[in-house]
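A.B. asks: Pasting upload_14.csv here (CSV, C-alpha atoms):
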```
chain,number,residue,atom,x,y,z
A,1,MET,CA,-33.2,-20.8,4.7
A,2,TRP,CA,-35.8,-22.1,2.1
A,3,ALA,CA,-32.9,-22.8,-0.2
A,4,VAL,CA,-31.0,-24.6,2.5
A,5,ASN,CA,-34.0,-26.7,3.4
A,6,LYS,CA,-34.7,-27.6,-0.2
A,7,ILE,CA,-31.2,-28.8,-0.7
A,8,THR,CA,-31.2,-30.7,2.6
A,9,LYS,CA,-34.3,-32.7,1.5
A,10,LYS,CA,-32.3,-34.0,-1.5
A,11,LEU,CA,-29.5,-35.2,0.8
A,12,SER,CA,-31.0,-38.1,2.8
A,13,SER,CA,-27.8,-39.0,4.6
A,14,ALA,CA,-26.8,-37.6,7.9
A,15,LYS,CA,-23.5,-36.7,6.4
A,16,GLY,CA,-25.1,-34.5,3.8
A,17,LYS,CA,-27.2,-32.7,6.4
A,18,LEU,CA,-24.1,-32.0,8.4
A,19,VAL,CA,-22.3,-30.5,5.4
A,20,ILE,CA,-25.3,-28.2,4.6
A,21,THR,CA,-25.5,-27.1,8.3
A,22,LEU,CA,-21.8,-26.3,8.3
A,23,LEU,CA,-22.1,-24.3,5.0
A,24,ALA,CA,-25.0,-22.3,6.3
A,25,LEU,CA,-23.2,-21.6,9.5
A,26,SER,CA,-20.1,-20.5,7.6
A,27,ALA,CA,-22.2,-18.2,5.4
A,28,MET,CA,-23.8,-16.6,8.5
A,29,ILE,CA,-20.5,-16.0,10.1
A,30,LYS,CA,-19.1,-14.3,6.9
A,31,ILE,CA,-22.2,-12.1,6.7
A,32,ALA,CA,-21.9,-11.0,10.3
A,33,PHE,CA,-18.2,-10.5,9.9
A,34,TRP,CA,-18.6,-8.1,6.9
A,35,ASP,CA,-21.6,-6.3,8.2
A,36,SER,CA,-20.3,-5.5,11.6
A,37,GLU,CA,-19.8,-1.8,12.3
A,38,ASN,CA,-17.1,-2.6,14.8
A,39,ILE,CA,-14.7,-5.1,13.2
A,40,MET,CA,-12.3,-6.3,15.8
A,41,TYR,CA,-8.8,-6.1,14.6
A,42,ASP,CA,-7.3,-9.1,16.2
A,43,ASP,CA,-5.8,-12.5,15.4
A,44,VAL,CA,-9.1,-14.0,14.5
A,45,SER,CA,-10.0,-11.3,11.9
A,46,ARG,CA,-6.5,-11.5,10.4
A,47,ALA,CA,-6.6,-15.2,10.2
A,48,LEU,CA,-10.0,-15.2,8.5
A,49,THR,CA,-8.7,-12.6,6.0
A,50,VAL,CA,-5.6,-14.6,5.1
A,51,GLU,CA,-7.7,-17.7,4.5
A,52,THR,CA,-10.2,-16.0,2.2
A,53,SER,CA,-9.7,-15.9,-1.6
A,54,VAL,CA,-7.9,-12.5,-1.2
A,55,CYS,CA,-4.8,-14.2,0.1
A,56,GLY,CA,-5.5,-17.9,-0.2
A,57,HIS,CA,-4.4,-18.5,-3.8
A,58,ARG,CA,-1.9,-15.8,-4.6
A,59,GLU,CA,0.8,-16.7,-7.2
A,60,GLN,CA,3.6,-14.8,-5.5
A,61,ILE,CA,4.2,-14.9,-1.7
A,62,TYR,CA,7.3,-13.5,-0.1
A,63,ASP,CA,9.2,-15.1,2.7
A,64,PHE,CA,9.2,-12.5,5.5
A,65,SER,CA,9.6,-15.1,8.3
A,66,SER,CA,12.6,-13.3,9.7
A,67,LYS,CA,10.6,-10.0,9.9
A,68,GLY,CA,7.4,-11.4,11.4
A,69,GLY,CA,6.4,-8.9,14.1
A,70,SER,CA,9.7,-8.2,15.8
A,71,LYS,CA,9.9,-5.4,18.4
A,72,ASP,CA,11.7,-3.2,15.9
A,73,GLN,CA,8.6,-3.0,13.5
A,74,CYS,CA,5.8,-3.4,16.1
A,75,ASN,CA,4.3,-1.6,19.0
A,76,ASP,CA,1.4,-3.2,21.0
A,77,GLY,CA,0.8,-5.7,18.3
A,78,GLN,CA,0.7,-3.2,15.4
A,79,CYS,CA,3.5,-3.5,12.9
A,80,PHE,CA,4.4,-1.2,10.0
A,81,ALA,CA,6.0,-1.9,6.7
A,82,ILE,CA,6.8,0.6,4.0
A,83,ALA,CA,6.8,-0.3,0.3
A,84,VAL,CA,8.3,1.4,-2.8
A,85,THR,CA,8.5,0.3,-6.4
A,86,VAL,CA,11.7,0.9,-8.4
A,87,ASN,CA,12.7,0.5,-12.0
A,88,MET,CA,16.1,1.3,-13.7
A,89,ALA,CA,14.8,4.5,-15.3
A,90,PHE,CA,14.1,6.0,-11.9
A,91,TYR,CA,16.8,4.3,-9.8
A,92,ASP,CA,18.4,7.7,-9.0
A,93,PHE,CA,15.0,8.9,-7.7
A,94,PHE,CA,14.9,5.9,-5.4
A,95,VAL,CA,18.4,6.8,-4.1
A,96,ASN,CA,17.2,10.3,-3.5
A,97,TRP,CA,14.1,9.0,-1.8
A,98,TYR,CA,16.1,6.6,0.4
A,99,HIS,CA,18.5,9.3,1.6
A,100,HIS,CA,15.5,11.3,2.9
A,101,TYR,CA,13.9,8.2,4.3
A,102,ASP,CA,17.2,7.3,6.1
A,103,ASP,CA,17.5,10.8,7.6
A,104,ALA,CA,13.9,11.2,8.6
A,105,VAL,CA,13.1,7.7,9.9
A,106,VAL,CA,16.1,5.3,10.2
A,107,ARG,CA,18.6,7.6,11.8
A,108,ALA,CA,16.2,10.0,13.5
A,109,THR,CA,14.1,7.5,15.4
A,110,ALA,CA,15.3,4.9,17.9
A,111,SER,CA,11.9,3.7,19.0
A,112,HIS,CA,11.0,1.9,15.8
A,113,SER,CA,12.6,0.6,12.6
A,114,PRO,CA,9.8,-0.2,10.1
A,115,LEU,CA,10.3,-2.9,7.5
A,116,LEU,CA,11.2,-1.4,4.1
A,117,VAL,CA,10.1,-3.5,1.1
A,118,VAL,CA,11.7,-2.5,-2.1
A,119,ILE,CA,9.9,-3.9,-5.2
A,120,ALA,CA,12.2,-4.3,-8.2
A,121,GLU,CA,10.3,-3.9,-11.5
A,122,GLU,CA,13.1,-5.6,-13.5
A,123,LYS,CA,15.1,-8.7,-12.9
A,124,GLU,CA,18.4,-7.0,-13.6
A,125,LEU,CA,17.6,-4.3,-11.0
A,126,TYR,CA,16.6,-7.0,-8.5
A,127,GLU,CA,20.0,-8.5,-8.9
A,128,GLN,CA,21.7,-5.1,-8.6
A,129,LEU,CA,19.8,-4.2,-5.4
A,130,GLN,CA,20.8,-7.4,-3.7
A,131,SER,CA,24.4,-6.0,-3.4
A,132,ASP,CA,23.5,-2.3,-3.3
A,133,PRO,CA,25.7,-0.8,-0.5
A,134,LEU,CA,22.9,1.8,0.1
A,135,LEU,CA,20.7,-1.0,1.6
A,136,LYS,CA,23.4,-2.8,3.4
A,137,ASP,CA,22.7,-3.5,7.1
A,138,THR,CA,19.3,-2.0,7.0
A,139,ASN,CA,15.9,-3.4,7.8
A,140,THR,CA,15.1,-3.9,4.2
A,141,GLU,CA,13.7,-6.7,2.0
A,142,ILE,CA,14.2,-6.6,-1.7
A,143,VAL,CA,11.6,-8.5,-3.7
A,144,LEU,CA,11.0,-9.2,-7.4
A,145,GLY,CA,7.8,-7.5,-8.7
A,146,ALA,CA,4.9,-9.6,-9.8
A,147,TYR,CA,5.3,-8.8,-13.5
A,148,ALA,CA,9.0,-8.0,-13.5
A,149,THR,CA,10.5,-7.9,-17.0
A,150,SER,CA,13.8,-9.3,-18.1
A,151,LEU,CA,14.8,-6.0,-19.8
A,152,SER,CA,15.5,-2.6,-18.3
A,153,SER,CA,12.6,-0.1,-18.7
A,154,GLU,CA,13.0,3.2,-20.3
A,155,SER,CA,11.5,6.3,-18.7
A,156,LEU,CA,7.9,5.6,-19.7
A,157,ALA,CA,5.7,8.4,-21.0
A,158,PHE,CA,2.8,9.3,-18.7
A,159,ASN,CA,-0.5,7.8,-19.9
A,160,SER,CA,1.3,5.6,-22.5
A,161,LYS,CA,0.2,1.9,-22.8
A,162,GLU,CA,3.5,0.9,-21.2
A,163,TYR,CA,3.1,3.3,-18.3
A,164,LYS,CA,-0.5,2.1,-17.6
A,165,SER,CA,0.7,-1.5,-17.7
A,166,MET,CA,3.4,-0.7,-15.1
A,167,VAL,CA,1.2,1.2,-12.7
A,168,SER,CA,-1.6,-1.4,-13.1
A,169,SER,CA,0.6,-3.8,-11.1
A,170,ARG,CA,0.5,-1.7,-8.0
A,171,ALA,CA,-2.4,-3.4,-6.3
A,172,THR,CA,-0.9,-6.8,-7.0
A,173,HIS,CA,2.4,-5.7,-5.4
A,174,LEU,CA,0.6,-4.4,-2.3
A,175,LEU,CA,-1.6,-7.5,-1.9
A,176,ASN,CA,1.4,-9.8,-2.2
A,177,ILE,CA,3.2,-8.0,0.5
A,178,LEU,CA,0.2,-7.7,2.9
A,179,CYS,CA,-0.7,-11.4,2.4
A,180,SER,CA,2.9,-12.5,3.0
A,181,LEU,CA,3.2,-10.5,6.2
A,182,ASN,CA,-0.1,-11.4,7.6
A,183,ALA,CA,0.5,-15.1,6.9
A,184,LEU,CA,2.9,-14.9,9.9
A,185,SER,CA,0.0,-15.5,12.3
A,186,ASP,CA,2.1,-17.2,14.9
A,187,HIS,CA,3.6,-13.9,15.7
A,188,GLY,CA,0.3,-12.3,16.7
A,189,ALA,CA,1.1,-9.1,14.8
A,190,ASN,CA,-1.3,-7.0,12.7
A,191,TRP,CA,0.5,-5.4,9.7
A,192,ASN,CA,-0.2,-2.0,8.2
A,193,LEU,CA,1.4,-1.1,4.9
A,194,VAL,CA,2.5,2.4,3.8
A,195,TYR,CA,3.0,2.7,0.1
A,196,SER,CA,5.0,5.7,-1.2
A,197,ASP,CA,6.0,6.8,-4.7
A,198,ILE,CA,9.7,7.5,-5.1
A,199,ASP,CA,9.1,11.0,-6.5
A,200,THR,CA,8.4,12.0,-2.9
A,201,VAL,CA,10.7,13.2,-0.3
A,202,TRP,CA,10.2,12.4,3.4
A,203,LEU,CA,11.1,15.6,5.2
A,204,LYS,CA,10.0,14.2,8.6
A,205,ASP,CA,8.9,10.8,9.9
A,206,PRO,CA,5.3,10.4,8.8
A,207,LEU,CA,4.6,7.3,11.0
A,208,PRO,CA,3.7,9.1,14.2
A,209,ILE,CA,1.1,11.1,12.3
A,210,ILE,CA,-0.2,8.0,10.6
A,211,LYS,CA,-0.5,6.0,13.8
A,212,ALA,CA,-2.3,8.8,15.6
A,213,LYS,CA,-4.7,9.1,12.7
A,214,LEU,CA,-5.3,5.3,12.4
A,215,PHE,CA,-5.7,4.4,16.0
A,216,ASP,CA,-6.5,7.5,18.0
A,217,GLY,CA,-5.2,5.9,21.2
A,218,ASP,CA,-6.7,2.5,20.6
A,219,ASP,CA,-4.1,0.2,19.1
A,220,SER,CA,-6.4,-2.8,19.0
A,221,ASN,CA,-8.8,-1.5,16.4
A,222,PRO,CA,-8.1,1.0,13.6
A,223,LYS,CA,-10.4,4.0,13.2
A,224,TYR,CA,-9.9,3.7,9.4
A,225,ASP,CA,-9.2,1.0,6.9
A,226,ILE,CA,-7.5,3.2,4.4
A,227,LEU,CA,-5.7,6.5,4.5
A,228,ALA,CA,-4.6,8.4,1.4
A,229,ALA,CA,-2.9,11.6,0.4
A,230,VAL,CA,-5.2,14.1,-1.4
A,231,ASP,CA,-4.4,15.3,-4.9
A,232,ASN,CA,-7.3,17.7,-5.2
A,233,ALA,CA,-10.2,18.9,-3.1
A,234,GLU,CA,-12.5,18.0,-6.0
A,235,LEU,CA,-11.8,16.4,-9.3
A,236,PHE,CA,-13.6,14.1,-11.8
A,237,GLY,CA,-16.7,14.2,-9.5
A,238,PHE,CA,-14.8,13.0,-6.4
A,239,THR,CA,-14.6,15.0,-3.3
A,240,PRO,CA,-11.7,14.8,-2.4
A,241,TYR,CA,-9.7,13.1,-5.1
A,242,TYR,CA,-7.2,10.7,-3.5
A,243,CYS,CA,-3.7,10.1,-4.7
A,244,THR,CA,-2.4,6.5,-5.0
A,245,GLY,CA,1.1,7.7,-4.7
A,246,PHE,CA,0.9,7.7,-0.9
A,247,LEU,CA,-1.4,5.2,0.7
A,248,VAL,CA,-1.8,3.6,4.2
A,249,ILE,CA,-3.5,0.2,4.0
A,250,THR,CA,-4.5,-1.8,7.1
A,251,SER,CA,-5.1,-5.5,7.2
A,252,THR,CA,-8.8,-5.2,8.0
A,253,PRO,CA,-11.1,-7.3,5.9
A,254,ALA,CA,-12.6,-4.1,4.3
A,255,ALA,CA,-9.1,-2.8,3.3
A,256,MET,CA,-8.1,-6.2,1.9
A,257,HIS,CA,-11.3,-6.4,-0.1
A,258,LEU,CA,-10.8,-2.9,-1.5
A,259,ILE,CA,-7.2,-3.7,-2.7
A,260,SER,CA,-8.4,-7.0,-4.1
A,261,SER,CA,-11.2,-5.3,-6.1
A,262,TRP,CA,-8.6,-2.7,-7.3
A,263,GLU,CA,-6.3,-5.5,-8.4
A,264,GLY,CA,-9.2,-7.1,-10.3
A,265,GLU,CA,-10.1,-3.9,-12.1
A,266,LEU,CA,-6.5,-3.2,-13.1
A,267,LEU,CA,-5.9,-6.7,-14.4
A,268,SER,CA,-9.1,-6.7,-16.4
A,269,LYS,CA,-8.1,-3.5,-18.2
A,270,THR,CA,-4.8,-1.7,-18.6
A,271,GLN,CA,-5.4,1.8,-17.1
A,272,VAL,CA,-4.0,4.5,-14.9
A,273,ASN,CA,-4.6,3.2,-11.3
A,274,GLN,CA,-5.8,6.3,-9.6
A,275,PRO,CA,-9.3,7.0,-11.1
A,276,ILE,CA,-10.5,3.5,-10.6
A,277,PHE,CA,-9.1,3.5,-7.0
A,278,ASN,CA,-11.2,6.6,-6.2
A,279,GLU,CA,-14.3,5.0,-7.8
A,280,LEU,CA,-13.9,1.8,-5.8
A,281,VAL,CA,-13.3,3.7,-2.5
A,282,VAL,CA,-16.6,5.6,-2.9
A,283,LYS,CA,-18.5,2.5,-3.9
A,284,GLN,CA,-17.4,0.0,-1.3
A,285,LYS,CA,-20.1,-0.2,1.5
A,286,GLY,CA,-18.8,0.0,5.0
A,287,LEU,CA,-15.2,1.1,4.1
A,288,LYS,CA,-13.7,3.5,6.6
A,289,TYR,CA,-11.4,5.9,4.8
A,290,THR,CA,-10.1,9.5,5.0
A,291,GLY,CA,-7.5,11.8,3.5
A,292,LEU,CA,-4.3,12.9,5.0
A,293,SER,CA,-3.7,16.6,5.7
A,294,GLU,CA,-2.5,18.4,2.6
A,295,SER,CA,-0.4,20.7,4.7
A,296,GLU,CA,1.6,17.7,6.0
A,297,PHE,CA,1.3,15.4,2.9
A,298,VAL,CA,1.9,18.0,0.3
A,299,PRO,CA,0.7,17.4,-3.3
A,300,GLY,CA,2.8,18.7,-6.2
A,301,ARG,CA,0.4,21.5,-7.0
A,302,ASN,CA,1.6,23.1,-3.8
A,303,PHE,CA,5.2,22.2,-4.3
A,304,PHE,CA,6.6,25.7,-3.9
A,305,THR,CA,3.7,27.3,-2.0
A,306,HIS,CA,3.3,25.1,1.1
A,307,ASP,CA,4.1,25.8,4.7
A,308,LYS,CA,7.6,24.4,5.1
A,309,SER,CA,7.3,24.2,8.8
A,310,ARG,CA,4.4,21.7,8.5
A,311,ALA,CA,5.4,19.6,5.5
A,312,VAL,CA,6.2,16.0,6.3
A,313,VAL,CA,6.0,14.3,2.9
A,314,LEU,CA,6.4,16.3,-0.3
A,315,HIS,CA,5.2,14.8,-3.6
A,316,ASN,CA,6.7,15.9,-6.8
A,317,ASN,CA,3.7,15.2,-8.9
A,318,PHE,CA,1.6,17.5,-11.1
A,319,VAL,CA,4.6,17.7,-13.4
A,320,ILE,CA,5.4,15.2,-16.1
A,321,GLY,CA,8.8,13.8,-17.0
A,322,ARG,CA,11.8,12.8,-14.9
A,323,GLU,CA,13.9,15.8,-16.0
A,324,LYS,CA,11.3,18.2,-14.9
A,325,LYS,CA,10.8,16.4,-11.6
A,326,GLN,CA,14.6,16.4,-10.9
A,327,LYS,CA,14.8,20.1,-11.7
A,328,ARG,CA,12.0,20.8,-9.2
A,329,PHE,CA,13.8,18.8,-6.5
A,330,GLU,CA,17.0,20.7,-7.3
A,331,GLU,CA,15.3,24.1,-7.2
A,332,TYR,CA,13.8,23.2,-3.8
A,333,GLY,CA,17.0,21.8,-2.4
A,334,THR,CA,15.8,18.3,-2.0
A,335,TRP,CA,17.9,16.5,-4.6
A,336,LYS,CA,20.6,14.8,-2.6
A,337,LEU,CA,22.6,13.2,-5.4
```
Before we go any further, please render this structure as C-alpha cells.

C.D. replies:
Amino acid sequence: MWAVNKITKKLSSAKGKLVITLLALSAMIKIAFWDSENIMYDDVSRALTVETSVCGHREQIYDFSSKGGSKDQCNDGQCFAIAVTVNMAFYDFFVNWYHHYDDAVVRATASHSPLLVVIAEEKELYEQLQSDPLLKDTNTEIVLGAYATSLSSESLAFNSKEYKSMVSSRATHLLNILCSLNALSDHGANWNLVYSDIDTVWLKDPLPIIKAKLFDGDDSNPKYDILAAVDNAELFGFTPYYCTGFLVITSTPAAMHLISSWEGELLSKTQVNQPIFNELVVKQKGLKYTGLSESEFVPGRNFFTHDKSRAVVLHNNFVIGREKKQKRFEEYGTWKL
C-alpha cells in the first residue's frame, strides 16, 4: 500500500486517483483468486482465465463455435474434448488409434460424444484429412498445427533436434485448443481436454474413469487441475514420473498457468517435453495433480505383462521406432490395419 500511496501523491487529479484505486483493487482480486484453496470452477473463473495473458493474445485461435457446449459433449456444464496430433509419417498409427477410439467411445457410448480435435502437423496432411472418409460424419474438428510445415515429415529419430522441435509444440497446441473452446463463454460450459499420443490404443472408454477421478460427484468443481499417465514410479528424481503422452487438462486457472509455463519453457529451448513438464508440475505452488492408475492406463514397460481385464488405454512407448511399435501392436493383436 505504501507504493500505491506514493504513486497516488504524484497524481493530483481525481482521475489519476481513480485509476490507481482500480489497479490496486484488480491486483487484490488476482491475488485472492490465485491463492484460494477452493477455486470455484464456474463462468466467472473461466472468463477471468480467458481474459488473462494466457489466452488473450494467442496467435492461433480456432473456430469451434458450432461445438460450443452442446449436449453431446457436455454433462452438467462440463464438456470434454480429445486432442491428438498427426503427421504423415505416423498417419497409419492415427488410423489404428482412431479405429480403437471409434469402437471404444463413438460406437459403444450413446450418452456422450466428445469433440475430437485432430491437429495436423503438415499442411498437406491437413488438406488430406479434410476429405478423409474415416472422419466423415463424426464429431471431429481438423485443425492446422501451430508450427505446421509445408513439407511432409519423415519418421523422426527419437531425441533428434527435429523430434524435439516437433514435440516442443505440444503445449502450444493444447493451449490453442483450450483457449478457443473456453472463449465460447456464452454457452456456459467448462471444457476439459484429454490429450493422447497416437501410439496408444483405447481398449475401453476412459472418460468415465477420468470424470470420476476429476469430479468425485461434484461436477461444479474439479478435485484436480491435471491428471497424467504414469511412466515410472520414480525416475530422474520425480516420484512418480508423469507421461505427457496422456494428459487430462482442466480449464482451471492453475491448469492454464501450468500449460502456459510449459509452453514458455519449450519455446525458449528446443527439448523433449516430458522432463520439463514434470519439473514444472512439482514446482507450481497450489497445483492439484495426480497420476492415473497404471493398471488402467498402462505404460509400455508393462505392454505384455499387464492385467488385460483392467487395461483401458495401452501406450506403446518404452520402445523406439515406428517399425518396432507396429510389430508390438501386431503381436498383441491391436493393429487393425

A.B. asks: Considering only C-alpha atoms, state which residue in the set A:Tyr289, A:Phe329, A:Phe93, A:Tyr62 is at the smallest distance from Ala146 in chain A.

C.D. replies: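 Smallest separation from Ala146 in chain A among the options: A:Tyr62.
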
A.B. asks: Using all atoms listed in the file, which residues sit within 12 Å of Lys288 in chain A once same-chain residues fewer than 6 positions away are excluded, as a list in words?

C.D. replies: Glu37, Asn38, Ile39, Leu214, Pro222, Lys223, Tyr224, Asp225, Ile226, Leu227, Ala228, Ile249, Thr250, Thr252, Pro253, Ala254, Ala255, Leu258, Val281 and Val282 of chain A

A.B. asks: Restricted to C-alpha atoms, what would the selected residues look like written as a JSON list (two decimals), in the frame of the given file?

C.D. replies:
```
[["chain", "number", "residue", "atom", "x", "y", "z"],
["A", 37, "GLU", "CA", -19.80, -1.80, 12.30],
["A", 38, "ASN", "CA", -17.10, -2.60, 14.80],
["A", 39, "ILE", "CA", -14.70, -5.10, 13.20],
["A", 214, "LEU", "CA", -5.30, 5.30, 12.40],
["A", 222, "PRO", "CA", -8.10, 1.00, 13.60],
["A", 223, "LYS", "CA", -10.40, 4.00, 13.20],
["A", 224, "TYR", "CA", -9.90, 3.70, 9.40],
["A", 225, "ASP", "CA", -9.20, 1.00, 6.90],
["A", 226, "ILE", "CA", -7.50, 3.20, 4.40],
["A", 227, "LEU", "CA", -5.70, 6.50, 4.50],
["A", 228, "ALA", "CA", -4.60, 8.40, 1.40],
["A", 249, "ILE", "CA", -3.50, 0.20, 4.00],
["A", 250, "THR", "CA", -4.50, -1.80, 7.10],
["A", 252, "THR", "CA", -8.80, -5.20, 8.00],
["A", 253, "PRO", "CA", -11.10, -7.30, 5.90],
["A", 254, "ALA", "CA", -12.60, -4.10, 4.30],
["A", 255, "ALA", "CA", -9.10, -2.80, 3.30],
["A", 258, "LEU", "CA", -10.80, -2.90, -1.50],
["A", 281, "VAL", "CA", -13.30, 3.70, -2.50],
["A", 282, "VAL", "CA", -16.60, 5.60, -2.90]]
```

A.B. asks: Quick one: everything within 10 Å of Trp97 in chain A, counting all atoms listed in the file, minus sequence neighbours fewer than 3 positions away in the same chain. Send it as a list in words.

C.D. replies: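 Near neighbours after the sequence-gap exclusion: Val84, Tyr91, Asp92, Phe93, Phe94, His100, Tyr101, Asp102, Ser196, Asp197, Ile198, Asp199, Thr200, Val201, Trp202, Thr334, Trp335 and Lys336 of chain A.
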
A.B. asks: Any idea what the distance is between CA of Ser309 in chain A and CA of Ser293 in chain A?

C.D. replies: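 Taking CA of Ser309 in chain A and CA of Ser293 in chain A, their separation equals 13.7 Å.
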
A.B. asks: Quick one, how far is CA of Lys136 in chain A from CA of Asn316 in chain A?

C.D. replies: 27.1 Å

A.B. asks: How many Å lie between CA of Leu207 in chain A and CA of Gly333 in chain A, rounded to one decimal?

C.D. replies: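 Answer for the CA of Leu207 in chain A to CA of Gly333 in chain A separation: 23.3 Å.
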
A.B. asks: Extract, using only C-alpha atoms, all DNA, RNA and protein residues at most 9 Å from Val313 in chain A, discarding same-chain residues fewer than 3 positions from it, and format them as a compact mmCIF listing (two decimals) with C-alpha atoms, in the coordinates of the input.

C.D. replies:
```
# COMPACT_ATOMS: atom_id res chain seq x y z
CA THR A 200 8.40 12.00 -2.90
CA VAL A 201 10.70 13.20 -0.30
CA TRP A 202 10.20 12.40 3.40
CA LEU A 203 11.10 15.60 5.20
CA LYS A 204 10.00 14.20 8.60
CA ASP A 205 8.90 10.80 9.90
CA PRO A 206 5.30 10.40 8.80
CA GLU A 296 1.60 17.70 6.00
CA PHE A 297 1.30 15.40 2.90
CA VAL A 298 1.90 18.00 0.30
CA PRO A 299 0.70 17.40 -3.30
```

A.B. asks: For range 232-241 of chain A, please output as a ChimeraX atom specification all residues within 12 Å (counting all atoms listed in the file; exclusion window: fewer than 5 positions along the same chain).

C.D. replies: /A:274-283,289-294,298-302,317-318

A.B. asks: Measuring between all atoms listed in the file, which one of A:Val95, A:Leu144, A:Ile177, A:Ala212 shows the shortest distance to Asp132 in chain A?

C.D. replies: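 Selected residue with least distance to Asp132 in chain A: A:Val95.
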
A.B. asks: Counting only C-alpha atoms, I want the residues whose atoms come within 6 Å of (3.0, -8.4, 8.9) in the file frame, returned as a PyMOL selection string.

C.D. replies: chain A and resi 68+181-182+190-191

A.B. asks: Between A:Cys55, A:Leu314, A:Ile259, A:Leu135, which one has atoms that come closest to Val106 in chain A, using only C-alpha atoms?

C.D. replies: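 Ranked by minimum distance to Val106 in chain A, first place goes to A:Leu135.
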
A.B. asks: With distances taken over all atoms listed in the file, which residue among A:Val230, A:Gln271, A:Val248, A:Phe304 lies nearest Leu174 in chain A?

C.D. replies: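 Using all atoms listed in the file, the shortest distance to Leu174 in chain A belongs to A:Val248.
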
A.B. asks: Could you tell me which of A:Leu287, A:Leu247, A:Leu125, A:Ala108 comes closest to Val86 in chain A if we count all atoms listed in the file?

C.D. replies: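 Closest candidate: A:Leu125.
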
A.B. asks: Write out as a short mmCIF file (atom, residue, chain, number, x, y, z; two decimals) with C-alpha atoms, keeping the file's coordinate frame which residues come within 6 Å of Gln73 in chain A when counting all atoms listed in the file, dropping same-chain ones fewer than 4 positions away.

C.D. replies:
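And here is the file that came out, out.cif:
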```
data_model
loop_
_atom_site.label_atom_id
_atom_site.label_comp_id
_atom_site.auth_asym_id
_atom_site.auth_seq_id
_atom_site.Cartn_x
_atom_site.Cartn_y
_atom_site.Cartn_z
CA CYS A 79 3.50 -3.50 12.90
CA PHE A 80 4.40 -1.20 10.00
CA HIS A 112 11.00 1.90 15.80
CA SER A 113 12.60 0.60 12.60
CA PRO A 114 9.80 -0.20 10.10
#
```

A.B. asks: Selecting N, CA and C atoms, how would range 227-243 of chain A from this structure be written as an mmCIF file, in the first residue's frame?

C.D. replies:
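File decode_39.cif, as written:
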```cif
data_model
loop_
_atom_site.group_PDB
_atom_site.id
_atom_site.type_symbol
_atom_site.label_atom_id
_atom_site.label_comp_id
_atom_site.auth_asym_id
_atom_site.auth_seq_id
_atom_site.Cartn_x
_atom_site.Cartn_y
_atom_site.Cartn_z
ATOM 1 N N LEU A 227 -4.513 -34.354 -14.604
ATOM 2 C CA LEU A 227 -4.310 -35.790 -14.455
ATOM 3 C C LEU A 227 -3.302 -36.227 -15.513
ATOM 4 N N ALA A 228 -2.466 -37.188 -15.178
ATOM 5 C CA ALA A 228 -1.474 -37.648 -16.150
ATOM 6 C C ALA A 228 -1.213 -39.133 -15.976
ATOM 7 N N ALA A 229 -0.929 -39.789 -17.096
ATOM 8 C CA ALA A 229 -0.495 -41.184 -17.023
ATOM 9 C C ALA A 229 0.882 -41.224 -16.361
ATOM 10 N N VAL A 230 1.213 -42.364 -15.779
ATOM 11 C CA VAL A 230 2.490 -42.534 -15.080
ATOM 12 C C VAL A 230 3.403 -43.427 -15.909
ATOM 13 N N ASP A 231 4.607 -42.916 -16.181
ATOM 14 C CA ASP A 231 5.596 -43.727 -16.893
ATOM 15 C C ASP A 231 6.390 -44.613 -15.942
ATOM 16 N N ASN A 232 6.813 -44.028 -14.824
ATOM 17 C CA ASN A 232 7.605 -44.758 -13.837
ATOM 18 C C ASN A 232 7.209 -44.337 -12.433
ATOM 19 N N ALA A 233 7.325 -45.251 -11.503
ATOM 20 C CA ALA A 233 7.058 -44.900 -10.111
ATOM 21 C C ALA A 233 8.070 -43.879 -9.609
ATOM 22 N N GLU A 234 9.297 -43.965 -10.119
ATOM 23 C CA GLU A 234 10.341 -43.000 -9.762
ATOM 24 C C GLU A 234 11.361 -42.932 -10.888
ATOM 25 N N LEU A 235 11.683 -41.713 -11.325
ATOM 26 C CA LEU A 235 12.665 -41.529 -12.389
ATOM 27 C C LEU A 235 13.149 -40.090 -12.370
ATOM 28 N N PHE A 236 14.464 -39.917 -12.542
ATOM 29 C CA PHE A 236 15.081 -38.583 -12.607
ATOM 30 C C PHE A 236 14.764 -37.729 -11.380
ATOM 31 N N GLY A 237 14.541 -38.386 -10.243
ATOM 32 C CA GLY A 237 14.253 -37.652 -9.034
ATOM 33 C C GLY A 237 12.789 -37.292 -8.842
ATOM 34 N N PHE A 238 11.930 -37.702 -9.763
ATOM 35 C CA PHE A 238 10.496 -37.428 -9.662
ATOM 36 C C PHE A 238 9.760 -38.691 -9.215
ATOM 37 N N THR A 239 8.829 -38.524 -8.281
ATOM 38 C CA THR A 239 8.045 -39.647 -7.765
ATOM 39 C C THR A 239 6.568 -39.262 -7.726
ATOM 40 N N PRO A 240 5.757 -39.746 -8.666
ATOM 41 C CA PRO A 240 6.134 -40.552 -9.832
ATOM 42 C C PRO A 240 6.622 -39.662 -10.975
ATOM 43 N N TYR A 241 6.999 -40.310 -12.071
ATOM 44 C CA TYR A 241 7.413 -39.600 -13.284
ATOM 45 C C TYR A 241 6.261 -39.681 -14.281
ATOM 46 N N TYR A 242 5.675 -38.507 -14.593
ATOM 47 C CA TYR A 242 4.467 -38.474 -15.410
ATOM 48 C C TYR A 242 4.788 -38.535 -16.901
ATOM 49 N N CYS A 243 3.827 -39.072 -17.646
ATOM 50 C CA CYS A 243 3.941 -39.202 -19.101
ATOM 51 C C CYS A 243 3.097 -38.129 -19.778
#
```
